[in-house]
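Please read the structure below before turning to the comments.
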Number of protein chains: 2
Amino acid sequence: MTLTPEAPQTVSSERLTTLGSSLRQHLDGAYAAERSVARATFPTDSMLRDPEWDVEQSREWTLQRLIDLEKHGFGSAGVPDGADAVQDPLTAVVTFETLAHADLSVTIKSGVQFGLFGGAVTNLGTAWHHEEFLPSITNLTLLGGFAMTELGHGSDVASVETTITYLPESDEYEVHSPSPAATKAYIGNAASHGTMAAVFGQLIVGGESQGVHTILVPIRDDNGADLPGITTGDQGHKGGLLGVDNGTISFDHVRVPRRMLLDRYGGVTETGVYESSIDNANRRFFTMLGTLVRGRVCVGGGAGIAARRGLSIAIRHALKRRQFPASGRPDGVLLLDYLTHQRRLMPRLARSYALGFAQNELIEALVKVQGGEPSTEDEQRELETRAAGMKAVTTWFANDTLQEAREACGGAGYLSENQLVEIRRDVDIFATFEGDNTVLMQLVAKALLTDYRKEWSDLDRSGVVQATARVAGEQMAEATSANIVLDRLASAVRRKPEETTLVDRRWHALMFEDRARHSLESLARRMRAASKDKGDQFESFNAMGPHVQFAAHAHMESVILKAFIDALEECQDPDVKDVLERVCSLFALGSIYEDRAWFMEHNRISSGRSKALEQQIDSLCRELRPHALPLVEGLGIPKSWLGAAIIDN
Amino acid sequence: MTLTPEAPQTVSSERLTTLGSSLRQHLDGAYAAERSVARATFPTDSMLRDPEWDVEQSREWTLQRLIDLEKHGFGSAGVPDGADAVQDPLTAVVTFETLAHADLSVTIKSGVQFGLFGGAVTNLGTAWHHEEFLPSITNLTLLGGFAMTELGHGSDVASVETTITYLPESDEYEVHSPSPAATKAYIGNAASHGTMAAVFGQLIVGGESQGVHTILVPIRDDNGADLPGITTGDQGHKGGLLGVDNGTISFDHVRVPRRMLLDRYGGVTETGVYESSIDNANRRFFTMLGTLVRGRVCVGGGAGIAARRGLSIAIRHALKRRQFPASGRPDGVLLLDYLTHQRRLMPRLARSYALGFAQNELIEALVKVQGGEPSTEDEQRELETRAAGMKAVTTWFANDTLQEAREACGGAGYLSENQLVEIRRDVDIFATFEGDNTVLMQLVAKALLTDYRKEWSDLDRSGVVQATARVAGEQMAEATSANIVLDRLASAVRRKPEETTLVDRRWHALMFEDRARHSLESLARRMRAASKDKGDQFESFNAMGPHVQFAAHAHMESVILKAFIDALEECQDPDVKDVLERVCSLFALGSIYEDRAWFMEHNRISSGRSKALEQQIDSLCRELRPHALPLVEGLGIPKSWLGAAIIDN
């Protein structure tokens with residue numbers, strides 16, 4: 001096996017335009033200092049995996065890179081390394097985002113080891129687990145998997161079949177897979193490197209089920225052989241992330257000592273009795289799942305960085321590449337001077353900024369809830385909702401953007417040396433793991449409805465609602481802060497929107513707020529009606545599936561616009577602000593344009609105004625075209641890190 | 001290197017539902033017999049490439065598979081193997097489509113060898129070339145590349161820099177790359193296997209340029225070493241199609257005998273004088289490019305099959321997989337019973353049928369023009385326009401569909417053993433090669449405008465128009481047959497569309513026809529106005545870029561609907577017809593739904609009717625849900641060929 005490190009590169013020595021540097025500062029926002037340090041100290045000698053490497057080489061390289069990065073402080077950063085150490089969610093997220101500037105297999109393997117496996121021990125375990133395991137988890141001498149998903153139960157975590165049965169005679173638990181469908185699947189670190197797993201299963205004490213709990217189970221010996229009763233499987237070659245060793249695990253009556261149960265929220269006492277600080281089993285389940293929130297914040301943030309890498313490559317290419325001579329342009333027209341090309345890339349660039357500001361706000365909320373300061377239950381639930389929505393929105397955006405960037409670079413975009421296809425392959429599964437996006441958007445809608453109508457809980461009899469509720473928790477609160485800000489702006493123009501211009505921020509606010517409010521209200525009405533329906537309850541709720549998705553989408557768009565508006569209010573530099581105002585308008589109009597049919601259907605805009613939207617988007621693309629390079633620099637990916645041959649020469 | 005053939009499979013022994021079998025028959029259409037024979041005789045012992053193979057292994061396996069397939073009649077079929085043999089475009093296209101049921105590297109390498117390289121010799125060469133080279137091209141003893149694209153001139157073929165200079169003193173041509181940008185790039189068979197290339201360059205005779213011509217140039221000796229003056233390069237690992245050895249070629253004053261010029265449309269006589277049967281250089285150029293049309297028909301057809309493979313896997317999975325228990329469904333709800341899941345897959349299934357019928361019509365036109373029967377210049381131009389549009393529309397659809405299918409299968413969709421990610425990787429570049437899709441859509445619009453207004457040719461001064469014209473040819477005719485059929489249907493309801501229902505085919509026809517006609521008329525008006533504009537002519541036309549794309553899209557949608565309507569008129573079986581009528585409605589409403597904003601903006605539908613569209617689409621999804629399996633069977637991909645572990649057990 002070859003582990004060829006690339007030639008050392010000079011770190012961040014490139015000079016940015018003044019505007020680019022300022023934009024970067026603003027997009028980094030409240031975390032500009034942390035991100036700047038991270039960029040300056042990130043080891044860049046071996047950032048990208050060789051696409052020619054096979055699965056085995058990729059896995060070994062990824063593990064080695066993880067070990068190297070840990071030595072440089074880019075591994076377990078922010079994850080406690082013992083019982084006394086504290087969590088630092090900000091450092092953890094910034095570290096994850098920084099890793100996403102390079103090979104994504106490393107990013108995800110890091111997330112599996114520190115975020116998921118380490119996170120389970122930290123958040124679901126107690127002092128003994130912390131002392132016993134966190135030091136070796138953070139220094140990578142103990143590699144572990146997060147064994148939640150089962151073959152037969154992908155998104156339906158509450159239905160996992162694996163059993164964790166307390167055996168009073170020996171004071172042990174027996175972990176067992178009662179069927180092939182109970183096999184744990186897609187588990188990172190399970191195929192090869194992991195020697196332990198945090199296993200989710202139904203806890204059974206005295207014949208009674210206490211719901212889903214998590215237990216640490218050793219799975220391999222020091223030679224890499226499966227331990228007795230354990231069968232691991234290798235899921236082999238995947239669409240991407242070849243460096244992550246995803247595999248299956250099944251258990252045949254495997255016994256582990258009682259103390260291996262991660263018992264922060266519930267476990268069996270020395271006297272053999274089940275005890276929990278949370279009486280309601282459902283609530284206990286969602287409290288446990290709530291600890292997953294940081295993973296979603298990280299995954300969304302990482303996908304946002306992946307999209308920025310794609311846009312950076314495609315736009316830098318479009319600023320170099322000329323095709324077809326034209327009048328006054330005998331050497332050919334720069335790709336980015338074609339309006340069709342601008343329309344492919346500039347609105348996505350604007351959205352990339354918008355998502356960046358929204359990610360900053362999300363990190364703020366995470367730090368508030370998990371950073372040791374007091375926080376309310378409402379804040380925690382708003383965080384969960386927003387993390388779910390941002391994860392879905394950003395990962396879909398990343399996939400779409402990387403494909404557009406690939407096509408915008410033509411045949412060159414298809415060569416692995418230009419990275420776009422490699423990033424695209426790796427980020428694909430971000431739309432599925434840490435919560436399938438469609439299911440996550442259901443969670444968002446469910447949380448909004450819960451807040452909108454308390455009687456909503458009475459409707460929890462149908463399958464769709466149950467399905468949502470089982471994952472979402474029963475009492476998530478609506479994330480209302482977006483509405484308040486937008487409503488304040490919108491109220492000024494609510495009576496006479498036709499007097500506003502298309503770039504009037506108050507009009508954008510009015511449209512976004514209206515879309516979110518109306519789609520939620522009408523959904524709530526339909527839900528009420530469906531609950532009284534005497535027919536097939538499942539079908540009554542099933543019919544609302546697309547509406548559920550739209551309401552969640554509309555809400556998230558408002559959350560994102562609100563974050564952008566907040567960031568604009570922070571901005572003091574008039575030149576930067578001028579550019580960011582246009583970027584915000586392009587994002588806002590792009591969002592309204594995509595849904596212009598909805599706005600017309602609901603009499604929010606006339607057909608004339610709808611037509612004018614596209615012209616205004618074209619104008620904004622033209623106005624921002626001269627700032628394309630600074631805007632790319634502002635995305636914060638150093639050019640030398642992109643590793644794309646196409647823009648190097 | 002291992003070339004492991006998979007275990008032999010029984011060919012097409014599966015039993016279909018009666019409806020599935022009938023749907024397959026109808027979708028195969030006029031070519032049902034040919035396709036049935038192809039399916040029955042296609043060698044299935046080694047259909048899929050091992051995703052673990054590296055570039056070298058993939059290339060060798062692909063070449064070997066190509067040789068095996070040629071022995072079984074699935075290689076050069078339809079390509080003449082000598083001067084006396086005739087072309088058989090139908091067999092060539094059906095063979096290509098059949099190859100697309102298996103590994104796409106094989107399909108594309110076959111296309112490079114027989115379609116492009118062999119096609120250049122056949123269509124641009126004369127008797128000597130045919131006798132000398134076609135036998136060894138078709139029996140694969142002479143592998144060659146189609147060296148058109150240059151690094152600096154992707155879609156702008158007229159601007160290729162490579163020179164082919166006639167040297168009277170030695171009666172030779174000198175082939176030369178005057179700059180790095182002149183390097184031939186992305187050329188299949190160039191990196192490794194090819195020993196000759198059909199090279200496109202500017203022909204210079206007596207110091208005068210005669211425009212782009214094609215010449216055969218030996219590039220490698222029998223040991224695989226570059227010949228003197230030739231430098232080949234390996235473009236290495238790509239986003240997919242690892243079995244195709246794409247590379248670069250540059251020429252340093254390489255001399256070849258005079259007879260190596262493919263001189264069907266022009267060349268130097270024995271007396272050293274340039275002669276051509278086509279006086280106009282521009283027209284000559286487009287006549288030569290016109291021979292590329294079969295490649296586009298093949299690529300579109302292959303992409304259509306790739307999409308069918310993806311839909312077959314995702315829908316078969318959704319008919320097996322249950323998630324989340326619901327009222328009356330204690331074992332969980334089948335994925336395909338969720339409306340959100342239906343909405344992801346069923347409209348794409350409907351479009352897959354629609355594109356299949358349109359592909360059948362396209363093949364018919366190809367056979368008419370290239371099959372030896374007399375055809376008019378108008379028919380030839382309509383074929384070129386339609387082939388360009390169908391290639392763009394179908395390859396974009398394939399990429400979108402395979403990604404949706406991947407996500408619809410969740411984590412399992414990401415495992416290479418389930419094929420979706422592999423097909424997706426391979427088909428990605430279909431959107432770029434054989435003409436970049438965005439440029440192809442410009443060609444379609446240009447052809448429509450040419451027909452719509454003859455004065456359009458007067459406007460050919462701006463860059464955009466030039467760019468389009470250079471590729472499209474000057475006098476392409478509009479493909480009008482779609483309009484005639486739709487207009488006949490639409491005329492009955494033109495005065496009172498509000499009296500029609502949403503599933504009234506006449507209303508669909510009216511909407512499609514209106515969209516195509518109005519977008520073209522308004523584009524023509526804008527073009528006229530722009531031509532009188534005193535400002536920057538490039539910018540005046542550049543501003544119409546998105547409108548150009550929309551007009552082309554609207555036209556192609558009409559072409560596709562018309563093909564579906566024609567197929568429905570052929571259908572005699574009432575049960576099949578009933579299902580296909582709903583499929584057609586789902587396709588048509590899906591298309592109107594996607595553009596409903598446009599229809600409202602142009603007062604073609606009210607906001608109320610627009611809202612009703614989605615409900616009707618939901619209803620059609622529900623109505624077609626019970627026929628999902630037969631509809632998948634009708635796509636014509638035998639289940640055992642899918643090679644997806646997820647649906648096998």
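A note on labels: chains of the structure tokens are A, B, ... as shown, every chain counts residues from 1, and ligands are counted from 1 in their shown order.
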
Contact residues around A:Ala83 with only C-alpha atoms at 9 Å, ignoring same-chain residues under 4 positions, as a ChimeraX atom specification: /A:122,126-132,134

Saved selection, atoms kept: C-alpha atoms, as an mmCIF file, in the first residue's frame:
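Final file, again.cif:
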data_model
loop_
_atom_site.group_PDB
_atom_site.id
_atom_site.type_symbol
_atom_site.label_atom_id
_atom_site.label_comp_id
_atom_site.auth_asym_id
_atom_site.auth_seq_id
_atom_site.Cartn_x
_atom_site.Cartn_y
_atom_site.Cartn_z
ATOM 1 C CA THR A 122 -20.232 11.526 26.033
ATOM 2 C CA THR A 126 -21.937 8.509 32.642
ATOM 3 C CA ALA A 127 -18.687 9.088 34.517
ATOM 4 C CA TRP A 128 -17.382 5.533 34.323
ATOM 5 C CA HIS A 129 -17.847 5.431 30.534
ATOM 6 C CA HIS A 130 -16.210 8.827 30.179
ATOM 7 C CA GLU A 131 -13.169 7.856 32.221
ATOM 8 C CA GLU A 132 -12.867 4.426 30.741
ATOM 9 C CA LEU A 134 -13.048 8.843 26.111
#

Please provide as a VMD selection string all residues within 7 Å of A:Met148, with the sequence filter that same-chain residues fewer than 2 positions apart are discarded (counting only C-alpha atoms). chain A and resid 146 150 184 199 to 200

Using C-alpha atoms, can you write the selected residues to a file as an mmCIF file, in the first residue's frame?
data_model
loop_
_atom_site.group_PDB
_atom_site.id
_atom_site.type_symbol
_atom_site.label_atom_id
_atom_site.label_comp_id
_atom_site.auth_asym_id
_atom_site.auth_seq_id
_atom_site.Cartn_x
_atom_site.Cartn_y
_atom_site.Cartn_z
ATOM 1 C CA PHE A 146 -22.447 4.055 15.920
ATOM 2 C CA GLU A 150 -30.786 -1.614 10.893
ATOM 3 C CA LYS A 184 -26.963 -3.171 11.841
ATOM 4 C CA VAL A 199 -25.403 -0.411 19.763
ATOM 5 C CA PHE A 200 -29.001 0.809 19.795
#

With a distance cut-off of 8 Å and only C-alpha atoms, select the neighbouring residues of A:Gly310, excluding the residue or stretch itself and same-chain residues fewer than 5 positions from it, and output the selection as a PyMOL selection string. chain A and resi 401-402+405-406+420+423

Could you turn the residues from that selection into a file that holds C-alpha atoms, as an mmCIF file, in the first residue's frame?
data_model
loop_
_atom_site.group_PDB
_atom_site.id
_atom_site.type_symbol
_atom_site.label_atom_id
_atom_site.label_comp_id
_atom_site.auth_asym_id
_atom_site.auth_seq_id
_atom_site.Cartn_x
_atom_site.Cartn_y
_atom_site.Cartn_z
ATOM 1 C CA THR A 401 -24.655 22.619 -7.072
ATOM 2 C CA LEU A 402 -21.861 20.135 -7.620
ATOM 3 C CA ALA A 405 -20.637 22.948 -11.486
ATOM 4 C CA ARG A 406 -19.551 19.712 -13.151
ATOM 5 C CA LEU A 420 -15.825 18.094 -8.985
ATOM 6 C CA ILE A 423 -16.688 15.871 -4.268
#

Gap from atom CA of B:Asn542 to atom CA of A:Ala318 - Å, one decimal: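 These two atoms are separated by 15.9 Å.
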
Within 9 Å of stretch 578-601 of chain A: each stretch 294-365 of chain A residue with its shortest pair, only C-alpha atoms, as CSV:
residue,atom,partner,partner_atom,distance
A:Met346,CA,A:Leu586,CA,8.3
A:Pro347,CA,A:Leu586,CA,6.2
A:Arg348,CA,A:Phe587,CA,8.0
A:Leu349,CA,A:Val583,CA,8.3
A:Ala350,CA,A:Val583,CA,5.2
A:Arg351,CA,A:Phe587,CA,5.3
A:Ser352,CA,A:Phe587,CA,8.8
A:Tyr353,CA,A:Val583,CA,7.8
A:Ala354,CA,A:Phe587,CA,7.0

Which residues come within 6 Å of B:Ser76, counting only C-alpha atoms, excluding same-chain residues fewer than 3 positions away, as a VMD selection string? chain B and resid 79 114 138

Dump all heavy atoms for the selected residues as a short mmCIF file (atom, residue, chain, number, x, y, z; two decimals), in the first residue's frame?
data_model
loop_
_atom_site.label_atom_id
_atom_site.label_comp_id
_atom_site.auth_asym_id
_atom_site.auth_seq_id
_atom_site.Cartn_x
_atom_site.Cartn_y
_atom_site.Cartn_z
N VAL B 79 -22.91 -1.21 -39.02
CA VAL B 79 -21.84 -0.40 -39.61
C VAL B 79 -21.26 -1.19 -40.78
O VAL B 79 -20.95 -2.37 -40.64
CB VAL B 79 -20.73 -0.13 -38.56
CG1 VAL B 79 -19.62 0.72 -39.15
CG2 VAL B 79 -21.33 0.53 -37.32
N PHE B 114 -17.05 2.24 -33.43
CA PHE B 114 -17.87 1.98 -34.62
C PHE B 114 -18.64 3.22 -35.07
O PHE B 114 -18.71 3.52 -36.25
CB PHE B 114 -18.84 0.82 -34.36
CG PHE B 114 -18.16 -0.43 -33.90
CD1 PHE B 114 -18.44 -0.99 -32.66
CD2 PHE B 114 -17.21 -1.07 -34.71
CE1 PHE B 114 -17.82 -2.16 -32.23
CE2 PHE B 114 -16.57 -2.24 -34.28
CZ PHE B 114 -16.87 -2.78 -33.04
N THR B 138 -14.23 -2.77 -38.21
CA THR B 138 -15.37 -3.55 -37.71
C THR B 138 -14.93 -4.83 -37.02
O THR B 138 -15.62 -5.31 -36.12
CB THR B 138 -16.36 -3.88 -38.86
OG1 THR B 138 -15.61 -4.43 -39.96
CG2 THR B 138 -17.08 -2.63 -39.33
#
